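Presented below is the structure to which this report refers.
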Amino acid sequence: MKRKTKTSLRHTVTGYALIAPAIILISAIAIVPIVQTVIYSFQDYNLTRMQDVKFNGLDNYIAIFRSGAFWDYLKNTLVFTVASVSLQMVIGMMGALLMEKARRAVGLIRSVMLVPWALPGVIVAQMFKFLLDDQYGMVNEVLRSVGMLHGQWAWLSKPGWAMGAVILADTWKQFPFVALMLFAALQSVPRELYEAASMDGAGRIRRFISVTLPGIKPVLLVVLLFRTMNALRIFDIIYAMTGGGPANSTMTVLFSAYKSLFRDMDIGRGSAMATVVLLITGIISVIYLYLFRDEED
Amino acid sequence: MKRASYSRRIVLLLLLSLLLAQFGCLTVSAAEEPVEDLEPATVVYAVAADQVSAVKELVSAFNETYPQITVEIMELPGNTDERKQAVMTAFAAGDSDPDVMEADIIWTAQFAAANWLMDVTDEINPDDYLQGSLSTCTVNDRIYAFPINTDVGLLYYRSDLIDTPPATWDELLEMCEENVGKNGIEYGLVWQGFQAEAVVCNALEFMKCNGGDDIVDGEVLINSENNVEALDFMRSLITDGVSPESVLSAKNDDSLSLFKSGKVLFMRNWTYAYNNSQTDDSVIKDKVGVAPVPVGFNGTESAGTVGGSNYIINAGTDVPEAALTLVKWLSGEDGQRLRTTISGYFPTYASLYNDEELLEEWPLLADLWPAFETAKARPQVVDYPAVSSIMQNYFHQALSGSMSSADALAKTEEELVQAIQ
């Protein structure tokens, strides 16, 4: 421990002063709205009845948990999250390994890979809607030409398939992020370790499990955390592609919160649902961070 | 409590200022010499992006009579949901702008209940307007809006293949059977089942054409035999291949593009589809006829769903007189006649349907009069969005085959009763 001198104290003050604007800004745009939302979630607060806004304790939460629909939305959210994040991690990992193998045009490959990730979600959704259109969609056209489909297949009108389509669209959009992060992590694994492993007679798969995976584990966890948090809050693709349908099969918790807030103008109920998403995200973050810390020690 | 509401106002105001910065305001015309005893005033008029140029034309006509009123146009998003969010924020914050806006008919009851709208009961002459449209402006016998235009669900048909449009579901099915598979026709009927307002408008139409009803004077009547039969009929259209399964995810434009491709015999759609189905790139140009939607097995009359929009005045406006003058003119005979010729809107001013000059330019007005006359509004309840969400969910469960029509309507009724209490 260094002894505190006048100079270091002044350094500290200067340091805090310098980061103060950033802290204030972040509080204003992130923390204040979150706290506000949590407060609203304990209120009977509907924009059409502004005159009798009042605190109602846990009423909003009780109403949500009692409605059968909420559990369906939660199930949809979890199905979407688990499926899309797993797919993205696997495909992203394969992409990263492929990029590492590529010795030429790495820059070009990386730029091309980034395109889906850089597109706004609404546009990705619209693209997939066109691709999957029952009458004119390319997917059906291809399936018909190889004899796998006769007639029409309305992907987005069938409850089970619509969820699959949404997962597919999100995976296409998000896997490049995973691939690029993991590609960067792969660069940091020391070459000597691979050589040593080879000399010890380890095969490709053995080297991947014993050298590559441990080497990129910290990044892997961060990517997993990022993707999971984002997947739990999926909105844009569902909004543009299915609107939560057919028959609520793609309705997520956050999308129904949006409907409560902006269609029904029920700020209390909507905020409570948003808070539930916040809690789930928080819990998952803590679990991941715990795993992460374990690694550092 | 007071603090909380103060900070809320600040947040809402911040949001509003962001919105205003985003959409921008443009001044249309400057005030000239006042001709009447009205004080010079500036009215902020919020309108969807796609109607801005039409409204500019309307405003310059208005300014010929009322030069002392300056109208500033506030451009709002084209998407209905986004437009609603934009103005909700302003109204909830008690802002005086926009003073006047064009609102979807299904917002009026909700906004009126929130005390955001000026009560215009003593300013409007109810007999001037179509009663279906006026009912969308009325909440508990008070009137809170002036009708702009009306819209109704209609049956479009291929006039080159069908001589007399079907008046009943039986006739419709017969004609489909006769024509599908010939002349490039692959499907009998397309409609809009996207799980949003679309499925509600369509399903209620089938139900009311079959003698059913939704909510009358606060009483929920949705779970009736006629309505079960209507949903079953819609489901059978899909399972029998009369309608493609993709109607379940179709919005207006999706149906329109399929109809335009010449693959479909009949289409249920709004009035906008008449001109839009006969653009130059359409293979069915000059082959489109339009009629009231057909009557169900147990129904007595055609009952297309009413659509359209209303002019509303912000209760917190700082220029009430000028705002009222503007809205009265826009919604009056001259304003609506002009709007019909510019926007192709169907007027709500009843006498315009007998206006010879207008009829010559828009012969459809006379043809469609019967459909407008028997059109039915969606439930006029304060919590309409919540009511609509319930119907969207269960109608879609029934139509996609996840639930039987009888079960779906029983659940709808149960939840609607709770929602409107």
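Chain labels A, B, ... are given in the sequence in which chains occur in the structure tokens; within each chain residues are numbered consecutively from 1, and ligands are likewise numbered from 1 in the order shown.
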Can you list, as an mmCIF file with C-alpha atoms, in the first residue's frame, every protein, DNA or RNA residue that comes within 9 Å of Tyr311 of chain B when you count only C-alpha atoms, leaving out same-chain residues fewer than 6 positions away?
data_model
loop_
_atom_site.group_PDB
_atom_site.id
_atom_site.type_symbol
_atom_site.label_atom_id
_atom_site.label_comp_id
_atom_site.auth_asym_id
_atom_site.auth_seq_id
_atom_site.Cartn_x
_atom_site.Cartn_y
_atom_site.Cartn_z
ATOM 1 C CA VAL B 100 -54.954 20.365 -33.841
ATOM 2 C CA MET B 101 -54.230 16.921 -35.163
ATOM 3 C CA GLU B 102 -55.513 14.183 -37.438
ATOM 4 C CA ALA B 103 -56.156 11.138 -35.291
ATOM 5 C CA ASP B 104 -57.139 7.571 -36.099
ATOM 6 C CA ALA B 145 -63.798 15.338 -32.509
ATOM 7 C CA PHE B 146 -64.806 16.385 -36.013
ATOM 8 C CA PRO B 147 -64.802 13.585 -38.604
ATOM 9 C CA ILE B 148 -62.275 13.923 -41.442
ATOM 10 C CA VAL B 327 -61.128 22.466 -37.722
ATOM 11 C CA LEU B 330 -61.534 21.595 -42.638
ATOM 12 C CA SER B 331 -64.331 19.289 -41.559
#
Write out as JSON lines a residue-level contact list of chain A versus chain B with cut-off 7 Å: for each qualifying residue the closest pair of atoms and the distance in Å to one decimal, counting only C-alpha atoms, rows sorted by chain and residue number upward.
{"residue": "A:Leu47", "atom": "CA", "partner": "B:Ala92", "partner_atom": "CA", "distance": 6.6}
{"residue": "A:Thr48", "atom": "CA", "partner": "B:Ala114", "partner_atom": "CA", "distance": 3.9}
{"residue": "A:Arg49", "atom": "CA", "partner": "B:Ala114", "partner_atom": "CA", "distance": 5.6}
{"residue": "A:Met50", "atom": "CA", "partner": "B:Ala114", "partner_atom": "CA", "distance": 6.9}
{"residue": "A:Asp134", "atom": "CA", "partner": "B:Ser246", "partner_atom": "CA", "distance": 6.7}
{"residue": "A:Ala154", "atom": "CA", "partner": "B:Ser246", "partner_atom": "CA", "distance": 5.2}
{"residue": "A:Leu156", "atom": "CA", "partner": "B:Ser249", "partner_atom": "CA", "distance": 6.4}
{"residue": "A:Ser157", "atom": "CA", "partner": "B:Leu248", "partner_atom": "CA", "distance": 5.3}
{"residue": "A:Gly243", "atom": "CA", "partner": "B:Gln195", "partner_atom": "CA", "distance": 6.4}
{"residue": "A:Gly245", "atom": "CA", "partner": "B:Gln195", "partner_atom": "CA", "distance": 5.3}
{"residue": "A:Pro246", "atom": "CA", "partner": "B:Gln195", "partner_atom": "CA", "distance": 6.4}
{"residue": "A:Ala247", "atom": "CA", "partner": "B:Gln397", "partner_atom": "CA", "distance": 4.6}
{"residue": "A:Asn248", "atom": "CA", "partner": "B:Asn393", "partner_atom": "CA", "distance": 6.3}
{"residue": "A:Phe262", "atom": "CA", "partner": "B:Gln85", "partner_atom": "CA", "distance": 6.2}
{"residue": "A:Arg263", "atom": "CA", "partner": "B:Pro385", "partner_atom": "CA", "distance": 5.9}
{"residue": "A:Asp264", "atom": "CA", "partner": "B:Pro385", "partner_atom": "CA", "distance": 5.0}
Set out as a Markdown table a contact list for segment 56-160 of chain A and segment 216-239 of chain A with a cut-off of 12 Å, giving each residue of segment 56-160 of chain A that qualifies its closest atom pair and distance in Å to one decimal, counting only C-alpha atoms, ordered by chain and rising residue number.
| residue | atom | partner | partner_atom | distance |
| --- | --- | --- | --- | --- |
| A:Tyr73 | CA | A:Leu232 | CA | 11.3 |
| A:Leu74 | CA | A:Leu232 | CA | 9.6 |
| A:Lys75 | CA | A:Leu232 | CA | 11.2 |
| A:Asn76 | CA | A:Leu232 | CA | 10.1 |
| A:Thr77 | CA | A:Leu232 | CA | 6.3 |
| A:Leu78 | CA | A:Leu232 | CA | 7.3 |
| A:Val79 | CA | A:Leu232 | CA | 9.9 |
| A:Phe80 | CA | A:Ala231 | CA | 7.4 |
| A:Thr81 | CA | A:Ala231 | CA | 5.2 |
| A:Val82 | CA | A:Thr228 | CA | 8.0 |
| A:Ala83 | CA | A:Ala231 | CA | 9.8 |
| A:Ser84 | CA | A:Ala231 | CA | 7.5 |
| A:Val85 | CA | A:Arg227 | CA | 6.3 |
| A:Ser86 | CA | A:Leu224 | CA | 9.0 |
| A:Leu87 | CA | A:Arg227 | CA | 11.1 |
| A:Gln88 | CA | A:Arg227 | CA | 8.5 |
| A:Met89 | CA | A:Leu224 | CA | 7.6 |
| A:Val90 | CA | A:Leu224 | CA | 11.1 |
| A:Gly92 | CA | A:Val223 | CA | 10.3 |
| A:Met93 | CA | A:Leu220 | CA | 9.4 |
| A:Ala96 | CA | A:Ile216 | CA | 11.5 |
| A:Leu119 | CA | A:Ile237 | CA | 11.5 |
| A:Pro120 | CA | A:Asp236 | CA | 8.5 |
| A:Gly121 | CA | A:Ile237 | CA | 5.5 |
| A:Val122 | CA | A:Asp236 | CA | 5.6 |
| A:Ile123 | CA | A:Ile237 | CA | 8.4 |
| A:Val124 | CA | A:Ile237 | CA | 7.2 |
| A:Ala125 | CA | A:Ile237 | CA | 5.1 |
| A:Gln126 | CA | A:Ile237 | CA | 8.4 |
| A:Met127 | CA | A:Ile237 | CA | 10.5 |
| A:Phe128 | CA | A:Ile237 | CA | 9.6 |
| A:Lys129 | CA | A:Ile237 | CA | 10.2 |
| A:Leu156 | CA | A:Ile238 | CA | 11.1 |
Determine, counting only C-alpha atoms, which protein, DNA and RNA residues have an atom within 6 Å of an atom of segment 160-167 of chain B; residues of the same chain fewer than 3 positions away are not included. Present the result as an MDAnalysis selection string.
-> chainID B and resid 171:172 287 294
Save the residues we just selected, N, CA, C and O atoms, as a JSON list (two decimals), in the first residue's frame?
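Written file, out15.json:
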[["chain", "number", "residue", "atom", "x", "y", "z"],
["B", 171, "GLU", "N", -72.72, -17.53, -52.19],
["B", 171, "GLU", "CA", -72.41, -17.14, -53.56],
["B", 171, "GLU", "C", -70.91, -16.97, -53.75],
["B", 171, "GLU", "O", -70.35, -17.34, -54.79],
["B", 172, "LEU", "N", -70.26, -16.41, -52.73],
["B", 172, "LEU", "CA", -68.82, -16.19, -52.79],
["B", 172, "LEU", "C", -68.10, -17.52, -53.00],
["B", 172, "LEU", "O", -67.25, -17.66, -53.89],
["B", 287, "LYS", "N", -59.75, -3.96, -64.46],
["B", 287, "LYS", "CA", -60.45, -5.23, -64.31],
["B", 287, "LYS", "C", -60.90, -5.39, -62.86],
["B", 287, "LYS", "O", -61.03, -6.50, -62.36],
["B", 294, "PRO", "N", -69.78, -9.39, -48.54],
["B", 294, "PRO", "CA", -70.99, -10.23, -48.59],
["B", 294, "PRO", "C", -71.54, -10.60, -47.21],
["B", 294, "PRO", "O", -70.82, -10.58, -46.22]]
For Gly241 of chain B, work out the shell of residues within 9 Å, counting only C-alpha atoms and skipping chain neighbours fewer than 5 positions away, then give it as a PyMOL selection string.
-> chain B and resi 187-188+236
Quick one: which segment 277-323 of chain B residues come within 12 Å of segment 56-74 of chain B, and what is the nearest atom pair for each with the distance in Å to one decimal, counting only C-alpha atoms, rows ordered by chain and ascending number, as a tab-separated table?
residue	atom	partner	partner_atom	distance
B:Val319	CA	B:Ile69	CA	10.1
B:Pro320	CA	B:Ile69	CA	11.9
B:Glu321	CA	B:Ile69	CA	10.2
B:Ala322	CA	B:Ile69	CA	6.6
B:Ala323	CA	B:Ile69	CA	8.9
May I have the residues within 6 Å of segment 364-375 of chain B as a ChimeraX atom specification, using only C-alpha atoms and disregarding those fewer than 3 positions away in the same chain?
-> /B:292,303-306
Filtering to N, CA, C and O atoms, could you give me those residues as a PDB file, in the first residue's frame?
ATOM      1  N   PRO B 292     -70.013  -3.974 -51.520  1.00  0.00           N
ATOM      2  CA  PRO B 292     -70.029  -4.204 -50.073  1.00  0.00           C
ATOM      3  C   PRO B 292     -69.611  -5.644 -49.767  1.00  0.00           C
ATOM      4  O   PRO B 292     -69.809  -6.539 -50.593  1.00  0.00           O
ATOM      5  N   ALA B 303     -71.813  -5.594 -43.372  1.00  0.00           N
ATOM      6  CA  ALA B 303     -71.373  -4.773 -42.248  1.00  0.00           C
ATOM      7  C   ALA B 303     -69.868  -4.606 -42.271  1.00  0.00           C
ATOM      8  O   ALA B 303     -69.140  -5.192 -41.483  1.00  0.00           O
ATOM      9  N   GLY B 304     -69.384  -3.813 -43.230  1.00  0.00           N
ATOM     10  CA  GLY B 304     -67.951  -3.537 -43.303  1.00  0.00           C
ATOM     11  C   GLY B 304     -67.500  -2.778 -42.065  1.00  0.00           C
ATOM     12  O   GLY B 304     -68.280  -2.038 -41.465  1.00  0.00           O
ATOM     13  N   THR B 305     -66.235  -2.971 -41.677  1.00  0.00           N
ATOM     14  CA  THR B 305     -65.705  -2.259 -40.517  1.00  0.00           C
ATOM     15  C   THR B 305     -65.408  -0.814 -40.897  1.00  0.00           C
ATOM     16  O   THR B 305     -64.869  -0.542 -41.965  1.00  0.00           O
ATOM     17  N   VAL B 306     -65.778   0.111 -39.998  1.00  0.00           N
ATOM     18  CA  VAL B 306     -65.527   1.530 -40.246  1.00  0.00           C
ATOM     19  C   VAL B 306     -64.076   1.857 -39.921  1.00  0.00           C
ATOM     20  O   VAL B 306     -63.549   1.457 -38.889  1.00  0.00           O
TER      21      VAL B 306
END
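From atom CA of Val228 of chain B back to atom CA of Leu204 of chain B, the distance works out to 11.3 Å.
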In segment 263-309 of chain B, DSSP helix (DSSP H, G or I) residues written as a compact mmCIF listing (two decimals) with all heavy atoms, in the first residue's frame:
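The resulting file, out_27.txt, is reproduced below:
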# COMPACT_ATOMS: atom_id res chain seq x y z
N ALA B 273 -57.45 0.70 -51.73
CA ALA B 273 -57.00 -0.33 -52.67
C ALA B 273 -57.59 -0.14 -54.07
O ALA B 273 -57.08 -0.70 -55.03
CB ALA B 273 -57.37 -1.72 -52.13
N TYR B 274 -58.65 0.66 -54.19
CA TYR B 274 -59.28 0.80 -55.51
C TYR B 274 -58.32 1.41 -56.52
O TYR B 274 -58.05 0.82 -57.56
CB TYR B 274 -60.57 1.62 -55.42
CG TYR B 274 -61.33 1.61 -56.72
CD1 TYR B 274 -62.04 0.48 -57.11
CD2 TYR B 274 -61.30 2.70 -57.58
CE1 TYR B 274 -62.71 0.44 -58.33
CE2 TYR B 274 -61.98 2.67 -58.79
CZ TYR B 274 -62.67 1.53 -59.16
OH TYR B 274 -63.32 1.50 -60.37
N ASN B 275 -57.78 2.59 -56.18
CA ASN B 275 -56.83 3.21 -57.11
C ASN B 275 -55.51 2.46 -57.13
O ASN B 275 -54.89 2.33 -58.18
CB ASN B 275 -56.60 4.67 -56.72
CG ASN B 275 -57.82 5.52 -57.03
OD1 ASN B 275 -58.54 5.23 -57.98
ND2 ASN B 275 -58.05 6.54 -56.22
N ASN B 276 -55.09 1.98 -55.96
CA ASN B 276 -53.78 1.35 -55.87
C ASN B 276 -53.71 -0.02 -56.54
O ASN B 276 -52.63 -0.51 -56.83
CB ASN B 276 -53.34 1.24 -54.42
CG ASN B 276 -52.90 2.57 -53.86
OD1 ASN B 276 -51.99 3.20 -54.39
ND2 ASN B 276 -53.57 3.04 -52.82
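Going from atom CA of Ser277 of chain B to atom CA of His150 of chain A covers 28.8 Å.
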Within 6 Å of Asn227 of chain B, counting only C-alpha atoms, which residues show up once you throw out same-chain ones fewer than 2 positions away? Write them as a list in words, please.
-> Met207, Gly212, Ser224, Glu225, Glu229 and Ala230 of chain B
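Each of A:Ala272, A:Ile267, A:Leu98, A:Ile34 was checked against Val53 of chain A using only C-alpha atoms; the smallest atom-to-atom distance is that of A:Ile267.
Taking atom CA of Met113 of chain A as the reference point, atom CA of Ile167 of chain A is found at 18.6 Å.
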